[in-house]
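One structure is given below, encoded as structure tokens.
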Amino acid sequence: MFVDRARILLKAGKGGDGKRSFRRSKGQPKGGPDGGDGGRGGDVILAADDGINTLIDFRGVYEWKAEDGEPGGSNSRTGADADARLIRVPPGTMVFGEESGELLADLGPGDSQVIARGGFGGFGNEHFKSATNQAPRNAVPGHPGEVVALRLELKVIAEVGLVGLPNAGKSSLLKTVTRADPKIADYPFTTLSPQLGIASLDRGRRLVIADIPGLIEGAADGAGLGHDFLRHVERTRVIVHVLDVMPPDGSRPADNYRAIRRELMDYSPQLAEKREIIALNKLDLLGSETEWPEAIKSLRAELQLGPDHETVGISGGIGAGTDELLDKVWHMLHDAEEEPEGWPKAQA
């Protein structure tokens, strides 16, 4: 099950209490104070783990606590510090304070951060010994650890995001080019959560691709799956806009493209300006491959695309054209590192 939101309470460990003690040994019936300090309570650390892709571990588990520090002992023994409590989350987890709404951490792959700090140990009575106070009887309790209420939000981390209307063929495309196995069927919102896959072009070249659930008109206002999944596209660097060449409802691919572009723009203008490739999908439905170039030419003319706006004809179900698509995406990602300005923007 894909879970991308959670609320949790972190409790760092309490510091150990200081010890009130006096030496009592043979030859020293009235020995001085020897109470040791308490150990430090354990921190609570959130760490991004590449092997996790959902927040499901937090479902039904609200409180996460670190151990307390050990109390001080006699003979000037300091209590042991408690180990930190390490909580693993998926890369892409954003950590917000529940009350303040402040972003406390944005954890990418390999990142970790102390969110709740353990309390310091209390001083034992030996700590208070002085020339004027040779027999102190006071010891200090350990300090409490921090208690932090959090809201966790997961935004999928992928280089490439597949967007398009439900049943545009995104899941079939992802399954063809990666080892991902999304559920595929012929009804709206087949994909109810983002699906990740890794496409290997050749040795040394691979792409992390996310199939974002199908959008509908009004998604930016919360219709359909709306905001729940539009936000997952924000992490991607390139959008592959998948269009069905023959939509089952009789609509036109160009109109469907404009509809999704409006939703992206309404949700976030920055999102709408991401680099984009249009993939005209299910071209095998046209019958003869000689019709494929004409279908692409017609779409480009209707959308009035410039010569630098990439459009690729594919059939995700049978794998036709997918190698060309992945190659173009790869170059777009890596050329973008050298040419950050002037890349053609998608037409709304």
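Letters A, B, ... go to the chains of the structure tokens in the order shown; residues in each chain start at 1; ligands are counted from 1 in the same order.
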
Every residue of segment 273-340 of chain A that DSSP places in helix (DSSP H, G or I), as a ChimeraX atom specification: /A:283-286,289-303,322-338

Do a neighbour search on Asp106 of chain A at 12 Å with only C-alpha atoms, toss out local chain neighbours closer than 5 positions, and write the hits as a JSON list (two decimals) with C-alpha atoms, in the first residue's frame.
```
[["chain", "number", "residue", "atom", "x", "y", "z"],
["A", 46, "LEU", "CA", 14.96, 10.64, 10.71],
["A", 47, "ALA", "CA", 17.00, 9.07, 7.91],
["A", 48, "ALA", "CA", 16.13, 8.59, 4.23],
["A", 89, "VAL", "CA", 11.68, 7.17, 5.91],
["A", 90, "PRO", "CA", 11.58, 7.18, 2.10],
["A", 91, "PRO", "CA", 13.73, 9.67, 0.18],
["A", 92, "GLY", "CA", 11.60, 12.68, -0.67],
["A", 93, "THR", "CA", 10.02, 12.92, 2.79],
["A", 94, "MET", "CA", 9.30, 16.48, 3.88],
["A", 95, "VAL", "CA", 9.12, 16.99, 7.66],
["A", 96, "PHE", "CA", 6.87, 19.76, 8.99],
["A", 111, "ASP", "CA", 20.11, 12.42, 4.18],
["A", 112, "SER", "CA", 19.50, 12.24, 7.92],
["A", 113, "GLN", "CA", 18.67, 14.82, 10.57],
["A", 115, "ILE", "CA", 14.63, 16.08, 14.87],
["A", 152, "LEU", "CA", 5.28, 13.93, 7.16],
["A", 153, "GLU", "CA", 4.64, 14.34, 3.44],
["A", 154, "LEU", "CA", 6.24, 12.20, 0.78],
["A", 155, "LYS", "CA", 6.93, 13.60, -2.67],
["A", 157, "ILE", "CA", 11.73, 11.52, -6.23],
["A", 235, "ARG", "CA", 10.18, 16.58, -7.88]]
```

DSSP on the backbone, strand (DSSP E or B) only: what residues of segment 78-157 of chain A does that give? Format it as a ChimeraX atom specification. /A:85-89,93-97,103-107,112-116,147-154

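Of the residues listed (A:Glu70, A:Asn53, A:Gly319, A:Glu289), A:Asn53 shows the shortest atom-to-atom separation from Gly197 of chain A; distances use only C-alpha atoms.
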
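With distances restricted to only C-alpha atoms, A:Asn75 is the closest residue to Ser25 of chain A from A:Leu285, A:Asn75, A:Leu305, A:Thr132.
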
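Shell of Pro141 of chain A at 8 Å, with only C-alpha atoms counted and residues fewer than 2 places along the chain excluded, is Gly15, Gly16, Asp17, Gly18, Gly121, Gly122, Phe123, Ala139 and His143 of chain A.
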
Once you have the residues from the selection above, write them out as a CSV table (one decimal), in the first residue's frame, restricted to N, CA and C atoms.
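See selection.csv below for the written result:
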```
chain,number,residue,atom,x,y,z
A,15,GLY,N,17.2,12.6,30.1
A,15,GLY,CA,18.5,12.4,30.7
A,15,GLY,C,18.5,11.6,32.0
A,16,GLY,N,19.5,10.9,32.3
A,16,GLY,CA,19.5,10.1,33.5
A,16,GLY,C,19.7,11.0,34.7
A,17,ASP,N,19.1,10.6,35.9
A,17,ASP,CA,19.2,11.4,37.1
A,17,ASP,C,20.6,11.4,37.7
A,18,GLY,N,21.0,12.5,38.2
A,18,GLY,CA,22.3,12.5,39.0
A,18,GLY,C,22.2,11.7,40.3
A,121,GLY,N,21.9,14.7,31.0
A,121,GLY,CA,21.9,14.0,32.3
A,121,GLY,C,22.0,15.0,33.5
A,122,GLY,N,21.4,14.7,34.6
A,122,GLY,CA,21.5,15.6,35.8
A,122,GLY,C,22.8,15.4,36.5
A,123,PHE,N,23.2,16.4,37.2
A,123,PHE,CA,24.5,16.4,38.0
A,123,PHE,C,24.3,15.5,39.3
A,139,ALA,N,21.4,16.5,44.3
A,139,ALA,CA,21.6,15.9,43.0
A,139,ALA,C,20.5,16.4,42.1
A,143,HIS,N,17.3,16.0,32.6
A,143,HIS,CA,16.5,16.9,31.8
A,143,HIS,C,15.6,16.1,30.8
```

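Put simply, atom CA of Arg252 of chain A is 20.7 Å away from atom CA of Ser172 of chain A.
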
Can you list, as a PyMOL selection string, every protein, DNA or RNA residue that comes within 12 Å of Val61 of chain A when you count only C-alpha atoms, leaving out same-chain residues fewer than 4 positions away? chain A and resi 6-10+55-57+65

Near Lys11 of chain A, counting only C-alpha atoms, which residues have an atom at most 7 Å away, once you skip same-chain residues fewer than 3 positions from it, shown as a CSV table (one decimal) with C-alpha atoms, in the first residue's frame?
```csv
chain,number,residue,atom,x,y,z
A,64,TRP,CA,8.1,7.0,18.5
A,65,LYS,CA,10.4,7.2,21.5
A,66,ALA,CA,14.1,7.0,22.2
A,116,ALA,CA,14.2,15.6,18.6
A,145,GLY,CA,14.0,15.1,26.0
A,146,GLU,CA,12.3,17.1,23.3
A,147,VAL,CA,8.8,16.1,22.3
A,148,VAL,CA,8.0,17.1,18.7
```

Might you pull out every residue within 8 Å of Val114 of chain A, with only C-alpha atoms counted and same-chain residues fewer than 3 positions away left off, and present them as a ChimeraX atom specification? /A:43-46,117

Would you mind exporting the chosen residues as an mmCIF file, in the first residue's frame, restricted to N, CA and C atoms?
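This is the output file result.cif:
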```
data_model
loop_
_atom_site.group_PDB
_atom_site.id
_atom_site.type_symbol
_atom_site.label_atom_id
_atom_site.label_comp_id
_atom_site.auth_asym_id
_atom_site.auth_seq_id
_atom_site.Cartn_x
_atom_site.Cartn_y
_atom_site.Cartn_z
ATOM 1 N N ASP A 43 18.699 10.760 21.153
ATOM 2 C CA ASP A 43 18.076 11.604 20.136
ATOM 3 C C ASP A 43 17.143 10.761 19.271
ATOM 4 N N VAL A 44 16.242 11.444 18.560
ATOM 5 C CA VAL A 44 15.434 10.781 17.540
ATOM 6 C C VAL A 44 15.860 11.347 16.192
ATOM 7 N N ILE A 45 16.293 10.456 15.309
ATOM 8 C CA ILE A 45 16.836 10.853 14.011
ATOM 9 C C ILE A 45 15.960 10.283 12.902
ATOM 10 N N LEU A 46 15.620 11.110 11.916
ATOM 11 C CA LEU A 46 14.962 10.638 10.709
ATOM 12 C C LEU A 46 16.007 10.489 9.616
ATOM 13 N N ARG A 117 15.965 16.172 20.227
ATOM 14 C CA ARG A 117 17.226 15.956 20.946
ATOM 15 C C ARG A 117 16.966 15.435 22.364
#
```

Find the residue from A:Val163, A:Ala80, A:Ile87, A:Ala105 that sits nearest to Ala259 of chain A; use only C-alpha atoms when measuring. A:Val163
